[in-house]
Amino acid sequence: MPLSEWFSKKKPKISGEYKAEKLDVPGSLWVKCYKCKETIYSKDLEKNLKVCPKCSYHFKLSGKERIAMLLDDASFSPYDISMRSKDFLNFFDTAKYEQRIRDYEAKTSLLDAVVTGEGTIKGKHVVICAMDFSFMGGSMGSVVGEKITRAVEKAIGLNVPVIICSTSGGARMQESIMSLMQMAKTSGALAKLAEAKLPYISLLADPTTGGVSASFAMLGDINIAEPGALIGFAGPRVIEQTIRQKLPPGFQRAEYLVDHGMVDFVVERRALKDTLVKCLDWFGY
Amino acid sequence: MDPKHLLDFEKPVAELNKKVETLKKSAKTGEIDMSSELELMEDRIKKLKKEIFSSLSPNQIVSIARHPKRPSTIDYVNLIFRDFVELHGDKYFGDDKAIIGGFAKLEDTPCMVIGHQKGKNTKENIERNFGSAHPEGYRKALRLMKMAEKFSRPIITFVDTMGAYPGLGAEERGQAEAIARNLRDMMLLSVPVIVIITGEGGSGGALGIAVGNRVLMLEYSIYSVISPEGCASILFRDAKRAAEAAENLKLTAKDHLRLGIIDEIVKEPSGGAHNDHSAAAGNLKAAILRHLEDLKKMSPAELKKDRYEKFRKMGQFEES
């Protein structure tokens, strides 16, 4: 490294991090791939399940898109559509939590970071939860915790498998301890599901970290990761600051987790539905 | 009080104490009778202490919770239990010294005790990784809990960690999975589980051994989803604004009792547990015995149901 660089303050670049470029404006006809920088026609990207046709980079999916992609047409019926977050701690940082919630509601047309409900996958009845990273980074507060817990309890009542598609930065700070407790609550519901001997398939999409990975996302009978997804307990920046060394290439990426025995396999989005069907079939559904 | 570890707000009391000591010394020489002055001073100290400790800010409570002289898990184990036999290792990878556990007797009841262990000095802290556990710590804890269940022994856990360790090895070996598994499997335990937050209850690393039928907090302990420093650096991009974050996070025992997260606040001796380990342990022992008595009346199925319902209720939201 030349001497001059010693004095330039640079944010450490995390290996394998793809920085979002502000090209994916809604309504824009063209999208630039975050990874290979290829310019893609939006409609082609949609048709390809939001996977870059050139480099197979998996763009983030919203909860609704995920459900539309996996479930049979018109088979989905949602649960708890009116549940919304509440600022019970009067949490204030640079803005009031109350205001943040309303802003995200307006921005995303969602009430919180997860969509739950039931439907069929190639005719197989399942309960499904799909998280949405666009709502406050997919963070888990009371609403995410309660909706997932209710969905799992519903599955026990219906005697059907559960699929949870996670993407989250972790617990929601603005609900403080109550967010932490959602980890125990959701894991508890999954304990009951396991006692009922009902299958739980966890799909981990980019990124799944913190309180979500340290609770329901890692508890699947099978854990499936999307290619390139960042999955871990602590975020890479926190780790680099703690250990003061560079992280190895691909650290905490889906493929790395397979190598370290933490997820069952990585599957391309285009093959996901068929893979889920095979697994559900093995489980006897 | 140890002058080296004196907290800012403890200083007025320490100064008065010092004055009393000097007075006492000069009284000993026997020239003037100072007993009434001394009594007055001691009374003042008591009042001042009460005043200071009844209006501590959340950030001041954080500093007590992290006090280097605060009793640690092993102190409580030694002061409350007898016949402690420490058990090591997760039987997969290694022994994590940031979490200790083993057999112990609470009066006549054989228990499994488990807790985070911080060091008492730098050398010990390095050995114990400042009480921040790796996955093998959580896996050891779960192994011991399952053994307790097998032999129908109650489980008492002591929580005191700034959080699970965010390191390379910890990630490689599945920190998230280890904590998640504990949350799920602790919910299924058929024996009584009593959890005590003794110092810092730092996020998932704390919760990983904190799914209990009863959750108690010592008066000046804290329990939070993120450290005040971490919260400040994310929300304000400035870790120095931790005091503000501590206010916001509502991380004190009083807050948690109000929110229904904990069952009881265990009183600390005047001036905090770090000033009187045995008094702190005495209060805690009485509380543990009382809760254990209640829980012993429940069947295994009732214990599981009780624990599930306790956490099932947690959460606040709106619904139309």
# chains A, B, ... in the order shown; residues from 1 in each chain; ligands from 1

call {"tool": "interface_residues", "arguments": {"of": "chain B", "to": "chain A", "cutoff": "6 Å", "atoms": "only C-alpha atoms", "output": "ChimeraX atom specification"}}
result
/B:166-167,176-177,179-180,183-184,187,224-225,248-249,311-312,315-320

call {"tool": "select_by_dssp", "arguments": {"residues": "region 125-247 of chain A", "states": "helix (DSSP H, G or I)", "output": "CSV table (one decimal) with C-alpha atoms, in the first residue's frame"}}
result
chain,number,residue,atom,x,y,z
A,136,MET,CA,-37.4,-1.2,8.2
A,137,GLY,CA,-34.8,-3.7,7.0
A,138,GLY,CA,-37.1,-6.6,7.7
A,142,SER,CA,-44.0,-7.4,18.0
A,143,VAL,CA,-45.9,-7.6,14.7
A,144,VAL,CA,-43.4,-9.9,13.0
A,145,GLY,CA,-43.1,-12.1,16.1
A,146,GLU,CA,-46.9,-12.3,16.6
A,147,LYS,CA,-47.8,-12.9,13.0
A,148,ILE,CA,-45.2,-15.7,12.7
A,149,THR,CA,-46.2,-17.3,16.0
A,150,ARG,CA,-49.9,-17.2,15.0
A,151,ALA,CA,-49.1,-18.7,11.6
A,152,VAL,CA,-47.2,-21.5,13.1
A,153,GLU,CA,-50.0,-22.2,15.6
A,154,LYS,CA,-52.5,-22.1,12.7
A,155,ALA,CA,-50.4,-24.7,10.9
A,156,ILE,CA,-50.6,-27.0,13.9
A,157,GLY,CA,-54.4,-26.6,13.9
A,158,LEU,CA,-54.5,-27.3,10.2
A,173,MET,CA,-34.3,-1.7,18.1
A,174,GLN,CA,-37.3,0.6,18.4
A,175,GLU,CA,-39.2,-2.0,20.3
A,176,SER,CA,-36.2,-2.9,22.5
A,177,ILE,CA,-36.7,-5.8,24.8
A,178,MET,CA,-40.0,-6.7,23.3
A,179,SER,CA,-38.2,-7.5,20.0
A,180,LEU,CA,-35.8,-9.7,21.8
A,181,MET,CA,-38.7,-11.6,23.4
A,182,GLN,CA,-40.1,-12.3,19.9
A,183,MET,CA,-37.1,-14.6,19.3
A,184,ALA,CA,-38.2,-16.7,22.3
A,185,LYS,CA,-41.9,-16.6,21.3
A,186,THR,CA,-41.4,-17.6,17.7
A,187,SER,CA,-38.9,-20.4,18.6
A,188,GLY,CA,-41.4,-21.6,21.2
A,189,ALA,CA,-44.1,-21.9,18.5
A,190,LEU,CA,-41.7,-23.9,16.4
A,191,ALA,CA,-41.0,-26.1,19.4
A,192,LYS,CA,-44.7,-26.9,19.4
A,193,LEU,CA,-44.7,-27.5,15.7
A,194,ALA,CA,-41.8,-29.9,16.1
A,195,GLU,CA,-43.7,-31.7,18.9
A,210,GLY,CA,-29.2,-11.0,14.0
A,211,GLY,CA,-32.3,-11.9,16.0
A,212,VAL,CA,-34.0,-13.5,13.0
A,213,SER,CA,-31.2,-15.9,12.2
A,216,PHE,CA,-36.8,-19.1,13.6
A,217,ALA,CA,-34.6,-18.8,10.5
A,218,MET,CA,-32.1,-21.4,11.7
A,236,PRO,CA,-19.6,-8.5,8.8
A,237,ARG,CA,-18.8,-4.9,9.8
A,238,VAL,CA,-19.3,-5.7,13.5
A,239,ILE,CA,-17.1,-8.7,13.2
A,240,GLU,CA,-14.3,-6.9,11.4
A,241,GLN,CA,-14.4,-4.2,14.0
A,242,THR,CA,-14.3,-6.8,16.8
A,243,ILE,CA,-11.5,-9.0,15.5

call {"tool": "closest_residue", "arguments": {"among": "B:Ala178, B:Ala232, B:Met186, B:Leu289", "to": "Thr109 (chain B)", "atoms": "only C-alpha atoms"}}
result
B:Leu289

call {"tool": "atom_distance", "arguments": {"atom1": "CA of Lys105 (chain B)", "atom2": "CA of Phe81 (chain B)"}}
result
5.3 Å

call {"tool": "residues_around", "arguments": {"residues": "region 266-270 of chain A", "least_positions_apart": "4", "cutoff": "10 Å", "atoms": "only C-alpha atoms", "output": "PyMOL selection string"}}
result
chain A and resi 48-51+56-58+66+69-70+203-204+223-229+254-255+257-258+274-275

call {"tool": "select_by_dssp", "arguments": {"residues": "region 24-185 of chain B", "states": "strand (DSSP E)", "output": "ChimeraX atom specification"}}
result
/B:82-86,99-106,109-116,155-161

call {"tool": "write_last_selection", "arguments": {"atoms": "N, CA and C atoms", "output": "PDB file, in the first residue's frame"}}
result
ATOM      1  N   ARG B  82     -24.208 -25.166  47.580  1.00  0.00           N
ATOM      2  CA  ARG B  82     -23.042 -25.903  48.074  1.00  0.00           C
ATOM      3  C   ARG B  82     -22.768 -27.085  47.146  1.00  0.00           C
ATOM      4  N   ASP B  83     -21.637 -27.724  47.379  1.00  0.00           N
ATOM      5  CA  ASP B  83     -21.232 -28.915  46.611  1.00  0.00           C
ATOM      6  C   ASP B  83     -21.233 -28.681  45.100  1.00  0.00           C
ATOM      7  N   PHE B  84     -20.714 -27.564  44.663  1.00  0.00           N
ATOM      8  CA  PHE B  84     -20.667 -27.274  43.214  1.00  0.00           C
ATOM      9  C   PHE B  84     -19.644 -28.180  42.518  1.00  0.00           C
ATOM     10  N   VAL B  85     -20.084 -28.837  41.481  1.00  0.00           N
ATOM     11  CA  VAL B  85     -19.170 -29.644  40.649  1.00  0.00           C
ATOM     12  C   VAL B  85     -19.245 -29.080  39.238  1.00  0.00           C
ATOM     13  N   GLU B  86     -18.175 -28.453  38.788  1.00  0.00           N
ATOM     14  CA  GLU B  86     -18.241 -27.833  37.467  1.00  0.00           C
ATOM     15  C   GLU B  86     -18.083 -28.874  36.367  1.00  0.00           C
ATOM     16  N   ILE B  99     -19.114 -19.410  29.614  1.00  0.00           N
ATOM     17  CA  ILE B  99     -20.320 -19.936  30.280  1.00  0.00           C
ATOM     18  C   ILE B  99     -19.874 -21.104  31.156  1.00  0.00           C
ATOM     19  N   ILE B 100     -20.236 -21.031  32.437  1.00  0.00           N
ATOM     20  CA  ILE B 100     -19.899 -22.150  33.317  1.00  0.00           C
ATOM     21  C   ILE B 100     -21.186 -22.857  33.731  1.00  0.00           C
ATOM     22  N   GLY B 101     -21.028 -24.090  34.193  1.00  0.00           N
ATOM     23  CA  GLY B 101     -22.211 -24.810  34.628  1.00  0.00           C
ATOM     24  C   GLY B 101     -21.836 -26.063  35.381  1.00  0.00           C
ATOM     25  N   GLY B 102     -22.802 -26.593  36.089  1.00  0.00           N
ATOM     26  CA  GLY B 102     -22.537 -27.840  36.788  1.00  0.00           C
ATOM     27  C   GLY B 102     -23.566 -28.155  37.850  1.00  0.00           C
ATOM     28  N   PHE B 103     -23.244 -29.214  38.630  1.00  0.00           N
ATOM     29  CA  PHE B 103     -24.130 -29.653  39.715  1.00  0.00           C
ATOM     30  C   PHE B 103     -23.934 -28.741  40.915  1.00  0.00           C
ATOM     31  N   ALA B 104     -25.009 -28.490  41.629  1.00  0.00           N
ATOM     32  CA  ALA B 104     -24.896 -27.759  42.892  1.00  0.00           C
ATOM     33  C   ALA B 104     -26.130 -28.057  43.712  1.00  0.00           C
ATOM     34  N   LYS B 105     -26.018 -27.822  44.997  1.00  0.00           N
ATOM     35  CA  LYS B 105     -27.177 -28.051  45.868  1.00  0.00           C
ATOM     36  C   LYS B 105     -27.668 -26.741  46.442  1.00  0.00           C
ATOM     37  N   LEU B 106     -28.982 -26.520  46.311  1.00  0.00           N
ATOM     38  CA  LEU B 106     -29.607 -25.358  46.925  1.00  0.00           C
ATOM     39  C   LEU B 106     -30.292 -25.900  48.175  1.00  0.00           C
ATOM     40  N   THR B 109     -31.853 -29.307  47.717  1.00  0.00           N
ATOM     41  CA  THR B 109     -32.286 -29.626  46.351  1.00  0.00           C
ATOM     42  C   THR B 109     -31.115 -29.635  45.371  1.00  0.00           C
ATOM     43  N   PRO B 110     -30.859 -30.782  44.743  1.00  0.00           N
ATOM     44  CA  PRO B 110     -29.822 -30.795  43.701  1.00  0.00           C
ATOM     45  C   PRO B 110     -30.318 -30.012  42.480  1.00  0.00           C
ATOM     46  N   CYS B 111     -29.508 -29.090  42.002  1.00  0.00           N
ATOM     47  CA  CYS B 111     -29.889 -28.240  40.867  1.00  0.00           C
ATOM     48  C   CYS B 111     -28.806 -28.296  39.804  1.00  0.00           C
ATOM     49  N   MET B 112     -29.170 -27.834  38.619  1.00  0.00           N
ATOM     50  CA  MET B 112     -28.151 -27.562  37.595  1.00  0.00           C
ATOM     51  C   MET B 112     -28.002 -26.048  37.559  1.00  0.00           C
ATOM     52  N   VAL B 113     -26.789 -25.568  37.790  1.00  0.00           N
ATOM     53  CA  VAL B 113     -26.570 -24.121  37.692  1.00  0.00           C
ATOM     54  C   VAL B 113     -25.745 -23.827  36.447  1.00  0.00           C
ATOM     55  N   ILE B 114     -26.130 -22.765  35.757  1.00  0.00           N
ATOM     56  CA  ILE B 114     -25.462 -22.392  34.507  1.00  0.00           C
ATOM     57  C   ILE B 114     -25.402 -20.872  34.469  1.00  0.00           C
ATOM     58  N   GLY B 115     -24.308 -20.306  34.021  1.00  0.00           N
ATOM     59  CA  GLY B 115     -24.286 -18.848  33.899  1.00  0.00           C
ATOM     60  C   GLY B 115     -23.095 -18.324  33.107  1.00  0.00           C
ATOM     61  N   HIS B 116     -23.270 -17.116  32.600  1.00  0.00           N
ATOM     62  CA  HIS B 116     -22.143 -16.444  31.950  1.00  0.00           C
ATOM     63  C   HIS B 116     -21.113 -16.109  33.014  1.00  0.00           C
ATOM     64  N   ILE B 155     -33.351 -26.139  36.994  1.00  0.00           N
ATOM     65  CA  ILE B 155     -32.247 -25.416  36.356  1.00  0.00           C
ATOM     66  C   ILE B 155     -32.291 -23.961  36.808  1.00  0.00           C
ATOM     67  N   ILE B 156     -31.144 -23.472  37.264  1.00  0.00           N
ATOM     68  CA  ILE B 156     -31.055 -22.054  37.629  1.00  0.00           C
ATOM     69  C   ILE B 156     -29.978 -21.436  36.737  1.00  0.00           C
ATOM     70  N   THR B 157     -30.337 -20.395  35.988  1.00  0.00           N
ATOM     71  CA  THR B 157     -29.327 -19.763  35.139  1.00  0.00           C
ATOM     72  C   THR B 157     -29.073 -18.313  35.567  1.00  0.00           C
ATOM     73  N   PHE B 158     -27.819 -17.913  35.422  1.00  0.00           N
ATOM     74  CA  PHE B 158     -27.388 -16.558  35.779  1.00  0.00           C
ATOM     75  C   PHE B 158     -26.917 -15.858  34.508  1.00  0.00           C
ATOM     76  N   VAL B 159     -27.524 -14.739  34.208  1.00  0.00           N
ATOM     77  CA  VAL B 159     -27.240 -14.053  32.945  1.00  0.00           C
ATOM     78  C   VAL B 159     -26.384 -12.814  33.203  1.00  0.00           C
ATOM     79  N   ASP B 160     -25.233 -12.774  32.581  1.00  0.00           N
ATOM     80  CA  ASP B 160     -24.355 -11.607  32.724  1.00  0.00           C
ATOM     81  C   ASP B 160     -23.377 -11.567  31.554  1.00  0.00           C
ATOM     82  N   THR B 161     -23.828 -10.994  30.459  1.00  0.00           N
ATOM     83  CA  THR B 161     -22.982 -10.954  29.265  1.00  0.00           C
ATOM     84  C   THR B 161     -23.303  -9.708  28.451  1.00  0.00           C
TER      85      THR B 161
END

call {"tool": "residues_around", "arguments": {"residues": "region 124-127 of chain A", "least_positions_apart": "2", "cutoff": "6 Å", "atoms": "only C-alpha atoms", "output": "PyMOL selection string"}}
result
chain A and resi 117-122+155+160-162

call {"tool": "write_last_selection", "arguments": {"atoms": "C-alpha atoms", "output": "JSON list (two decimals), in the first residue's frame"}}
result
[["chain", "number", "residue", "atom", "x", "y", "z"],
["A", 117, "GLY", "CA", -51.11, -16.84, 5.29],
["A", 118, "GLU", "CA", -51.96, -20.18, 3.75],
["A", 119, "GLY", "CA", -52.22, -21.56, 0.26],
["A", 120, "THR", "CA", -51.10, -24.41, -1.94],
["A", 121, "ILE", "CA", -47.85, -25.28, -3.67],
["A", 122, "LYS", "CA", -48.66, -27.60, -6.58],
["A", 155, "ALA", "CA", -50.39, -24.72, 10.87],
["A", 160, "VAL", "CA", -49.92, -28.70, 7.53],
["A", 161, "PRO", "CA", -46.23, -27.80, 6.98],
["A", 162, "VAL", "CA", -44.79, -24.34, 7.53]]
